[in-house]
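Here's start_33.cif, which has mmCIF, C-alpha atoms:
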data_data
#
loop_
_atom_site.label_atom_id
_atom_site.label_comp_id
_atom_site.auth_asym_id
_atom_site.auth_seq_id
_atom_site.Cartn_x
_atom_site.Cartn_y
_atom_site.Cartn_z
CA MET A 1 -27.32 -52.98 16.58
CA ILE A 2 -23.62 -52.16 16.26
CA ASN A 3 -22.90 -48.43 16.26
CA LEU A 4 -21.33 -47.58 12.91
CA TRP A 5 -21.63 -43.78 13.11
CA TRP A 6 -17.96 -43.41 14.06
CA LEU A 7 -17.21 -44.46 10.46
CA CYS A 8 -18.59 -41.13 9.13
CA VAL A 9 -15.45 -39.04 9.50
CA PRO A 10 -12.92 -41.59 8.13
CA ALA A 11 -15.33 -42.45 5.29
CA ILE A 12 -15.75 -38.80 4.30
CA ILE A 13 -11.98 -38.19 4.40
CA ALA A 14 -11.20 -41.33 2.36
CA GLY A 15 -14.00 -40.61 -0.12
CA PHE A 16 -12.91 -37.00 -0.54
CA ILE A 17 -9.26 -37.94 -1.22
CA LEU A 18 -10.42 -40.56 -3.74
CA LEU A 19 -12.69 -38.00 -5.49
CA LYS A 20 -9.79 -35.51 -5.58
CA ARG A 21 -7.68 -38.13 -7.37
CA VAL A 22 -10.47 -38.83 -9.88
CA ASN A 23 -10.77 -35.07 -10.46
CA GLY A 24 -7.08 -34.85 -11.35
CA LEU A 25 -7.33 -37.50 -14.10
CA SER A 26 -8.16 -35.17 -17.00
CA GLN A 27 -7.27 -31.59 -17.95
CA SER A 28 -10.58 -30.86 -19.71
CA THR A 29 -12.46 -27.93 -18.13
CA THR A 30 -15.82 -29.75 -18.46
CA TYR A 31 -14.42 -32.87 -16.77
CA ILE A 32 -12.84 -30.84 -13.94
CA ALA A 33 -16.15 -29.04 -13.30
CA LEU A 34 -18.35 -32.16 -13.45
CA THR A 35 -16.11 -34.26 -11.19
CA ASN A 36 -15.70 -31.48 -8.62
CA PRO A 37 -14.89 -33.37 -5.39
CA VAL A 38 -16.96 -31.15 -3.04
CA PHE A 39 -20.03 -31.33 -5.28
CA LEU A 40 -19.79 -35.13 -5.69
CA ALA A 41 -18.99 -35.70 -1.99
CA ILE A 42 -22.07 -33.72 -0.89
CA ILE A 43 -24.38 -35.40 -3.44
CA ILE A 44 -23.13 -38.92 -2.64
CA THR A 45 -23.34 -38.38 1.16
CA ALA A 46 -26.84 -36.87 0.81
CA LEU A 47 -27.97 -39.83 -1.34
CA ILE A 48 -26.62 -42.36 1.18
CA LEU A 49 -28.41 -40.60 4.07
CA VAL A 50 -31.71 -40.32 2.15
CA ILE A 51 -31.69 -43.85 0.67
CA PHE A 52 -30.82 -45.59 3.96
CA LYS A 53 -33.13 -43.22 5.89
CA LEU A 54 -30.31 -42.17 8.23
CA PRO A 55 -31.14 -39.15 10.42
CA TYR A 56 -29.11 -36.03 9.48
CA VAL A 57 -29.05 -34.89 13.13
CA LYS A 58 -27.04 -37.97 14.09
CA PHE A 59 -24.75 -37.60 11.07
CA ASN A 60 -24.13 -33.98 11.95
CA HIS A 61 -23.37 -34.90 15.56
CA HIS A 62 -20.79 -37.51 14.55
CA THR A 63 -19.05 -35.24 12.03
CA GLN A 64 -18.65 -32.31 14.43
CA LEU A 65 -14.87 -32.74 14.32
CA LEU A 66 -14.88 -31.70 10.65
CA SER A 67 -17.37 -28.86 11.11
CA TRP A 68 -15.39 -27.51 14.04
CA LEU A 69 -12.25 -27.21 11.87
CA LEU A 70 -14.14 -24.93 9.47
CA GLU A 71 -13.81 -21.97 11.89
CA PRO A 72 -9.97 -21.90 12.08
CA ALA A 73 -9.88 -22.64 8.32
CA ILE A 74 -11.91 -19.49 7.66
CA VAL A 75 -9.44 -17.49 9.78
CA ALA A 76 -6.64 -19.02 7.66
CA LEU A 77 -8.35 -17.65 4.50
CA ALA A 78 -6.60 -14.38 5.43
CA ILE A 79 -3.43 -15.79 3.85
CA PRO A 80 -4.66 -16.18 0.24
CA LEU A 81 -6.42 -12.80 0.67
CA TYR A 82 -3.13 -11.23 1.79
CA LYS A 83 -1.27 -12.82 -1.15
CA GLN A 84 -3.87 -11.49 -3.64
CA PHE A 85 -3.66 -7.99 -2.17
CA VAL A 86 -0.24 -7.58 -3.78
CA HIS A 87 -1.82 -8.12 -7.23
CA ILE A 88 -4.85 -5.95 -6.55
CA ARG A 89 -2.92 -2.67 -6.32
CA LYS A 90 -2.51 -2.16 -10.09
CA ASN A 91 -6.22 -2.31 -10.98
CA ALA A 92 -7.51 -1.78 -7.47
CA LEU A 93 -10.36 0.64 -8.07
CA LEU A 94 -11.90 -1.14 -11.07
CA ILE A 95 -11.77 -4.58 -9.41
CA LEU A 96 -13.16 -3.10 -6.18
CA ILE A 97 -16.11 -1.49 -8.00
CA SER A 98 -16.72 -4.73 -9.94
CA SER A 99 -16.79 -6.79 -6.75
CA ILE A 100 -19.19 -4.41 -5.02
CA LEU A 101 -21.40 -4.40 -8.14
CA GLY A 102 -21.43 -8.21 -8.21
CA ILE A 103 -22.29 -8.55 -4.52
CA VAL A 104 -25.01 -5.89 -4.52
CA ASN A 105 -26.46 -7.31 -7.76
CA ALA A 106 -26.59 -10.84 -6.31
CA THR A 107 -28.37 -9.60 -3.19
CA VAL A 108 -30.83 -7.41 -5.12
CA VAL A 109 -31.67 -10.13 -7.67
CA GLY A 110 -32.14 -12.59 -4.77
CA ILE A 111 -34.58 -10.23 -3.04
CA LEU A 112 -36.48 -9.41 -6.25
CA LEU A 113 -36.90 -13.11 -7.09
CA SER A 114 -38.09 -13.76 -3.51
CA VAL A 115 -40.75 -11.07 -3.97
CA MET A 116 -41.78 -12.39 -7.41
CA PHE A 117 -42.10 -16.00 -6.25
CA GLU A 118 -43.56 -15.04 -2.84
CA VAL A 119 -41.33 -17.51 -0.99
CA PRO A 120 -41.21 -17.89 2.82
CA LYS A 121 -38.83 -15.53 4.69
CA GLU A 122 -36.45 -18.36 5.60
CA LEU A 123 -35.90 -19.13 1.91
CA ALA A 124 -35.59 -15.44 0.97
CA HIS A 125 -32.82 -15.00 3.57
CA SER A 126 -31.01 -18.01 2.08
CA VAL A 127 -30.35 -16.41 -1.31
CA ALA A 128 -28.94 -13.09 -0.03
CA ALA A 129 -25.24 -14.03 -0.04
CA LEU A 130 -24.73 -16.29 -3.05
CA SER A 131 -21.97 -14.29 -4.76
CA VAL A 132 -19.17 -15.61 -2.54
CA THR A 133 -17.09 -18.67 -1.74
CA THR A 134 -18.91 -21.49 0.18
CA PRO A 135 -17.47 -21.14 3.75
CA ILE A 136 -18.33 -17.42 3.84
CA THR A 137 -21.85 -18.14 2.50
CA LEU A 138 -22.39 -20.60 5.36
CA LEU A 139 -21.56 -17.99 8.00
CA VAL A 140 -23.24 -14.95 6.43
CA THR A 141 -26.46 -16.84 5.55
CA ASP A 142 -26.60 -18.23 9.08
CA SER A 143 -26.23 -14.74 10.57
CA LEU A 144 -29.08 -13.48 8.32
CA GLY A 145 -31.40 -16.26 9.50
CA GLY A 146 -31.39 -18.23 6.25
CA ILE A 147 -30.79 -21.95 5.64
CA ALA A 148 -26.98 -22.05 5.51
CA SER A 149 -26.73 -25.56 4.08
CA LEU A 150 -29.10 -24.73 1.21
CA ALA A 151 -27.10 -21.56 0.41
CA ALA A 152 -23.86 -23.58 0.45
CA ALA A 153 -25.27 -26.19 -1.93
CA MET A 154 -26.56 -23.39 -4.22
CA VAL A 155 -23.18 -21.63 -4.25
CA ILE A 156 -21.44 -24.86 -5.26
CA PHE A 157 -24.03 -25.38 -8.01
CA ILE A 158 -23.57 -21.79 -9.24
CA GLY A 159 -19.81 -22.41 -9.37
CA LEU A 160 -20.40 -25.51 -11.49
CA LEU A 161 -22.75 -23.66 -13.88
CA GLY A 162 -20.18 -20.87 -14.15
CA ALA A 163 -17.35 -23.27 -14.91
CA LEU A 164 -19.42 -25.05 -17.56
CA PHE A 165 -21.20 -22.12 -19.24
CA GLY A 166 -19.62 -18.88 -17.94
CA PHE A 167 -17.06 -18.46 -20.69
CA ILE A 168 -19.56 -19.54 -23.37
CA VAL A 169 -21.97 -16.78 -22.25
CA LEU A 170 -19.18 -14.18 -22.22
CA LYS A 171 -18.15 -15.25 -25.74
CA TRP A 172 -21.78 -14.89 -26.96
CA VAL A 173 -21.92 -11.29 -25.79
CA GLY A 174 -18.54 -10.60 -27.39
CA ILE A 175 -16.33 -10.25 -24.32
CA PHE A 176 -12.78 -11.43 -24.90
CA ASN A 177 -10.85 -9.09 -22.60
CA HIS A 178 -8.94 -11.21 -20.08
CA GLN A 179 -9.55 -8.85 -17.19
CA ALA A 180 -13.29 -8.63 -17.91
CA GLN A 181 -13.60 -12.44 -18.17
CA GLY A 182 -11.50 -13.12 -15.07
CA VAL A 183 -13.08 -10.57 -12.74
CA ALA A 184 -16.62 -11.47 -13.86
CA VAL A 185 -16.13 -15.22 -13.37
CA GLY A 186 -14.24 -14.79 -10.06
CA THR A 187 -16.96 -12.57 -8.57
CA ALA A 188 -20.01 -14.42 -9.91
CA CYS A 189 -18.79 -18.04 -9.79
CA HIS A 190 -16.20 -18.15 -6.93
CA ALA A 191 -13.85 -21.09 -6.41
CA ILE A 192 -15.10 -23.56 -9.03
CA GLY A 193 -15.34 -20.80 -11.64
CA THR A 194 -11.82 -19.67 -10.73
CA ALA A 195 -10.50 -23.21 -11.17
CA ALA A 196 -11.99 -23.21 -14.68
CA ALA A 197 -10.50 -19.76 -15.35
CA LEU A 198 -7.04 -20.93 -14.24
CA ASN A 199 -7.41 -23.90 -16.56
CA LYS A 200 -8.31 -21.61 -19.47
CA HIS A 201 -5.55 -19.00 -19.19
CA ALA A 202 -3.12 -18.03 -16.41
CA ARG A 203 -3.99 -14.31 -16.71
CA ILE A 204 -7.75 -14.87 -16.61
CA GLY A 205 -7.16 -17.17 -13.61
CA ALA A 206 -5.11 -14.53 -11.80
CA TYR A 207 -7.84 -11.88 -12.24
CA SER A 208 -10.44 -14.42 -11.18
CA SER A 209 -8.51 -15.30 -7.97
CA VAL A 210 -8.14 -11.62 -7.06
CA ALA A 211 -11.86 -10.96 -7.65
CA MET A 212 -12.87 -14.03 -5.65
CA ALA A 213 -10.69 -13.00 -2.69
CA LEU A 214 -12.02 -9.46 -2.73
CA SER A 215 -15.63 -10.66 -2.98
CA ALA A 216 -15.09 -12.91 0.05
CA LEU A 217 -13.88 -9.95 2.07
CA LEU A 218 -16.51 -7.50 0.81
CA THR A 219 -19.44 -9.92 1.22
CA ALA A 220 -18.43 -10.41 4.84
CA LEU A 221 -18.30 -6.65 5.33
CA ILE A 222 -21.27 -5.46 3.21
CA VAL A 223 -24.04 -8.09 3.12
CA PRO A 224 -24.76 -8.38 6.89
CA TRP A 225 -25.81 -4.70 7.06
CA LEU A 226 -26.92 -4.15 3.43
CA TYR A 227 -29.38 -7.04 3.37
CA PRO A 228 -31.66 -5.99 6.26
CA TYR A 229 -31.80 -2.48 4.76
CA LEU A 230 -32.54 -3.66 1.20
CA SER A 231 -35.05 -6.29 2.26
CA GLN A 232 -36.96 -3.68 4.28
CA LEU A 233 -37.01 -1.49 1.19
CA LEU A 234 -38.06 -4.19 -1.27
CA LEU A 235 -39.82 -6.99 0.64
CA MET B 1 20.67 -35.24 16.74
CA ALA B 2 20.28 -32.87 13.76
CA ALA B 3 17.05 -34.60 12.79
CA CYS B 4 15.80 -34.23 16.36
CA THR B 5 16.50 -30.47 16.47
CA LEU B 6 14.85 -30.15 13.05
CA SER B 7 11.67 -31.91 14.12
CA ILE B 8 11.53 -29.86 17.34
CA LYS B 9 11.77 -26.73 15.18
CA VAL B 10 8.97 -27.97 12.89
CA ILE B 11 6.75 -28.82 15.87
CA THR B 12 7.39 -25.43 17.50
CA GLN B 13 6.48 -23.65 14.26
CA LEU B 14 3.31 -25.73 13.94
CA ILE B 15 2.27 -24.94 17.52
CA LEU B 16 3.07 -21.25 17.12
CA SER B 17 1.09 -20.92 13.86
CA SER B 18 -1.87 -22.82 15.35
CA ALA B 19 -1.73 -20.47 18.36
CA ILE B 20 -1.85 -17.39 16.09
CA ILE B 21 -4.88 -18.71 14.15
CA LEU B 22 -6.74 -19.89 17.25
CA GLY B 23 -5.78 -16.65 19.02
CA CYS B 24 -7.43 -14.57 16.27
CA LEU B 25 -10.51 -16.80 16.44
CA ILE B 26 -10.77 -16.56 20.23
CA VAL B 27 -10.26 -12.77 20.31
CA ALA B 28 -12.98 -12.44 17.63
CA LYS B 29 -15.35 -14.68 19.60
CA VAL B 30 -14.78 -12.72 22.81
CA LEU B 31 -15.29 -9.39 20.98
CA MET B 32 -18.56 -10.57 19.41
CA HIS B 33 -19.71 -11.94 22.76
CA ILE B 34 -19.04 -8.61 24.50
CA THR B 35 -20.64 -6.45 21.79
CA GLN B 36 -23.58 -8.91 21.28
CA GLY B 37 -23.22 -8.28 17.52
CA SER B 38 -24.44 -10.66 14.82
CA PHE B 39 -21.27 -10.53 12.69
CA PRO B 40 -19.83 -14.07 12.30
CA ALA B 41 -16.81 -14.47 14.64
CA PRO B 42 -14.62 -16.56 12.25
CA LEU B 43 -14.94 -13.79 9.64
CA LEU B 44 -13.86 -11.20 12.20
CA GLY B 45 -10.94 -13.50 13.05
CA MET B 46 -10.02 -13.61 9.35
CA LEU B 47 -10.07 -9.79 9.20
CA LEU B 48 -7.92 -9.58 12.35
CA LEU B 49 -5.32 -11.93 10.86
CA LEU B 50 -5.43 -10.04 7.54
CA GLY B 51 -4.81 -6.79 9.42
CA LEU B 52 -1.89 -8.32 11.32
CA LEU B 53 -0.38 -9.58 8.04
CA LEU B 54 -0.87 -6.28 6.18
CA THR B 55 0.67 -4.24 8.99
CA GLY B 56 3.61 -6.68 9.13
CA ILE B 57 3.09 -7.50 12.82
CA ILE B 58 2.83 -11.17 11.82
CA LYS B 59 4.87 -12.61 8.94
CA GLU B 60 3.16 -14.85 6.39
CA ARG B 61 5.69 -17.67 6.97
CA SER B 62 4.88 -17.88 10.67
CA VAL B 63 1.22 -18.79 9.96
CA THR B 64 1.67 -21.12 6.94
CA PRO B 65 2.60 -24.35 8.84
CA CYS B 66 -0.93 -24.56 10.30
CA ALA B 67 -2.74 -22.58 7.59
CA SER B 68 -1.76 -24.57 4.50
CA PRO B 69 -3.17 -27.95 5.63
CA LEU B 70 -6.32 -26.15 6.85
CA LEU B 71 -6.71 -24.40 3.49
CA ASN B 72 -5.90 -27.50 1.42
CA TYR B 73 -8.55 -29.56 3.17
CA MET B 74 -11.11 -26.79 3.75
CA PRO B 75 -13.73 -28.38 1.40
CA LEU B 76 -13.79 -31.39 3.75
CA PHE B 77 -14.90 -29.18 6.62
CA PHE B 78 -18.04 -27.92 4.91
CA ILE B 79 -19.23 -31.25 3.53
CA PRO B 80 -21.27 -32.04 6.73
CA ALA B 81 -22.88 -28.58 6.63
CA GLY B 82 -23.52 -28.80 2.88
CA VAL B 83 -25.33 -32.13 3.26
CA GLY B 84 -27.76 -30.37 5.62
CA PHE B 85 -29.97 -29.35 2.68
CA ILE B 86 -31.59 -32.83 2.87
CA GLU B 87 -33.39 -31.57 6.00
CA HIS B 88 -35.22 -29.10 3.76
CA LEU B 89 -36.15 -31.31 0.78
CA ASN B 90 -39.86 -30.44 1.23
CA LEU B 91 -39.17 -26.71 1.05
CA ILE B 92 -36.89 -27.23 -1.97
CA SER B 93 -39.39 -29.34 -3.91
CA LEU B 94 -42.14 -26.82 -3.10
CA HIS B 95 -40.10 -23.84 -4.36
CA TRP B 96 -37.86 -25.46 -6.99
CA GLN B 97 -38.76 -22.84 -9.62
CA PHE B 98 -37.53 -20.06 -7.33
CA ILE B 99 -34.28 -21.92 -6.56
CA LEU B 100 -33.69 -22.66 -10.25
CA ALA B 101 -34.29 -18.99 -11.13
CA CYS B 102 -31.76 -17.92 -8.47
CA LEU B 103 -29.17 -20.43 -9.68
CA VAL B 104 -29.38 -19.13 -13.25
CA LEU B 105 -30.21 -15.43 -12.91
CA ILE B 106 -27.90 -14.40 -10.04
CA PRO B 107 -24.62 -15.50 -11.68
CA LEU B 108 -25.82 -14.57 -15.19
CA THR B 109 -26.70 -10.96 -14.31
CA SER B 110 -23.45 -10.57 -12.33
CA LEU B 111 -21.34 -11.96 -15.19
CA LEU B 112 -22.93 -9.62 -17.74
CA LEU B 113 -22.87 -6.50 -15.52
CA ILE B 114 -19.26 -6.90 -14.38
CA SER B 115 -17.81 -7.84 -17.77
CA HIS B 116 -19.57 -4.89 -19.44
CA LEU B 117 -18.40 -2.53 -16.70
CA ILE B 118 -14.79 -3.55 -17.29
CA ILE B 119 -14.85 -3.39 -21.09
CA SER B 120 -16.41 0.06 -20.89
CA PHE B 121 -13.14 1.11 -19.21
CA LYS B 122 -10.67 -1.22 -20.92
CA GLY B 123 -12.06 -1.93 -24.42
CA ARG B 124 -13.02 -5.26 -25.96
CA SER B 125 -9.59 -6.52 -27.02
CA HIS B 126 -7.70 -9.49 -25.52
CA HIS B 127 -5.14 -7.26 -23.88
CA ASP B 128 -5.51 -4.69 -21.18
#
Rewrite the structure from the file as structure tokens, please.
Amino acid sequence: MINLWWLCVPAIIAGFILLKRVNGLSQSTTYIALTNPVFLAIIITALILVIFKLPYVKFNHHTQLLSWLLEPAIVALAIPLYKQFVHIRKNALLILISSILGIVNATVVGILLSVMFEVPKELAHSVAALSVTTPITLLVTDSLGGIASLAAAMVIFIGLLGALFGFIVLKWVGIFNHQAQGVAVGTACHAIGTAAALNKHARIGAYSSVAMALSALLTALIVPWLYPYLSQLLL
Amino acid sequence: MAACTLSIKVITQLILSSAIILGCLIVAKVLMHITQGSFPAPLLGMLLLLGLLLTGIIKERSVTPCASPLLNYMPLFFIPAGVGFIEHLNLISLHWQFILACLVLIPLTSLLLISHLIISFKGRSHHD
């Protein structure tokens, strides 16, 4: 049989660029969320592997080039963080407290649900760092001994839910303040939520970007030592 | 001739910015190896670079030539890892209620807590 695995990387790149184009076709927030290129690329690739019964181990081996680039890309995340730091100064304390609250809440709710549903440890560790952008989730979840890929897929899904329903929920409970909307969506729903916030209003988007950047930094700093402590206390 | 000097300049900047980013990553990896800690090395590298930018030791423009393509295409780099959940389909189908509860309750509680915290300081109006 001819070896076609080398096609993986070019196919993913081509598919991703195509999906990005499709995503840019409409300005509607719902459309932008539902045609999110990362979400669709992961679902389509997963379907192809499952339907054609292709082993994931081999796929992973042949796409190492892409996975390897994730590490320097995470280092490069320092640049958007640095840019957002200029905006943080004005409301620094409130946004800082909000981010910490969001991160601790996500970890605590994750642990409590793990206890309620009596899930295996591996699964419990996977839902400890869900209030953060995908690349950071991958690393933190891996360091906690969870299933990094499952956490990444969940984070993307949470982002989608946030983009679709986040602002509707906030409207229901009577929250119209731009800062409250932006910081809440940026902390709870990360990149995809922030894209929806930017599409809604520039100011909400700016607050959302700041909150997302700060949450990325704080999750990396807090969750690796908070989680073992909290899980000992609650599990 | 001018075009040649220009492209040499662009290439030098690209190499220099790649060296800064890889340098941070390598220093972080070595540090984590020495201390035997469990903190993810790329995150430490990100913090190192952030520190260098905030203290002004490294200027933002000297890292952008390598950083902007990396950042623009970052989603591509976690697609292979993200697909990995298909290895755990049994676990997912066994505990789908738990996963669904996490997907809904974690962002919902965070949204409500944070937005209420901020309006308790800023008021409910559009402006702040």
(message) Evaluate the PyMOL selection byres ((chain A and resi 14-25) around 7) against this structure - the residues, as an NGL selection string, please.
(response) :A and (10-13 or 26 or 32 or 35-37 or 41)
Give me, as a tab-separated table, the closest atom pair and its distance (Å, one decimal) for every residue of chain A within a cut-off of 6 Å of chain B, counting all atoms listed in the file, rows sorted by chain and rising number.
residue	atom	partner	partner_atom	distance
A:Ile42	CA	B:Val83	CA	5.5
A:Ala46	CA	B:Val83	CA	5.5
A:Leu66	CA	B:Phe77	CA	4.8
A:Ser67	CA	B:Phe77	CA	5.1
A:Leu70	CA	B:Phe77	CA	5.2
A:Glu71	CA	B:Pro42	CA	5.5
A:Ala73	CA	B:Leu70	CA	5.2
A:Val75	CA	B:Met46	CA	3.9
A:Ala76	CA	B:Ala67	CA	5.3
A:Ala78	CA	B:Leu50	CA	5.0
A:Ser98	CA	B:Ile114	CA	5.6
A:Gly102	CA	B:Ser110	CA	5.2
A:Ala106	CA	B:Ile106	CA	5.3
A:Ser149	CA	B:Gly82	CA	4.7
A:Leu150	CA	B:Phe85	CA	4.9
A:Ala152	CA	B:Gly82	CA	5.8
A:Ala153	CA	B:Gly82	CA	5.7
A:Ile158	CA	B:Leu103	CA	5.8
A:Phe176	CA	B:His126	CA	5.5
A:Asn177	CA	B:His126	CA	4.3
A:His178	CA	B:His126	CA	5.8
A:Ala180	CA	B:Ser115	CA	4.6
A:Ala184	CA	B:Leu111	CA	4.9
A:Ala188	CA	B:Pro107	CA	5.1
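Across the structure, CA of Ser99 in chain A and CA of Ser215 in chain A are spaced 5.5 Å apart.
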(message) Applying the PyMOL selection byres ((chain A and resi 205) around 12) to the file I just gave you, which residues come out? Please list them as an NGL selection string.
(response) :A and (84 or 163 or 178-187 or 190-204 or 206-212)
Expected axis-aligned box over every listed atom of range 12-20 of chain B, 8 Å added per side, centre plus edges in Å to one decimal, as AutoDock Vina command-line options:
--center_x 2.8 --center_y -21.6 --center_z 16.1 --size_x 25.3 --size_y 24.3 --size_z 20.5
(message) Could you tell me, as an MDAnalysis selection string, exactly which residues end up selected when the PyMOL selection byres ((chain B and resi 13) around 10) is applied to this structure?
(response) chainID B and resid 7:12 14:19 61:66
(request) Mind giving me the straight-line distance from CA of Thr141 in chain A to CA of Val223 in chain A in Å, one decimal? (result)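 Rounded to one decimal, the two atoms are 9.4 Å apart.
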(request) Would you mind telling me which residue in A:Leu214, A:Ile51, A:Cys8, A:Met154 lies nearest to Gln64 in chain A when using all atoms listed in the file? (result)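 Of the candidates, the smallest distance to Gln64 in chain A is held by A:Cys8.
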(request) Between CA of Lys83 in chain A and CA of Ala213 in chain A, measure the distance and give it in Å to one decimal. (result)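 It comes out at 9.5 Å.
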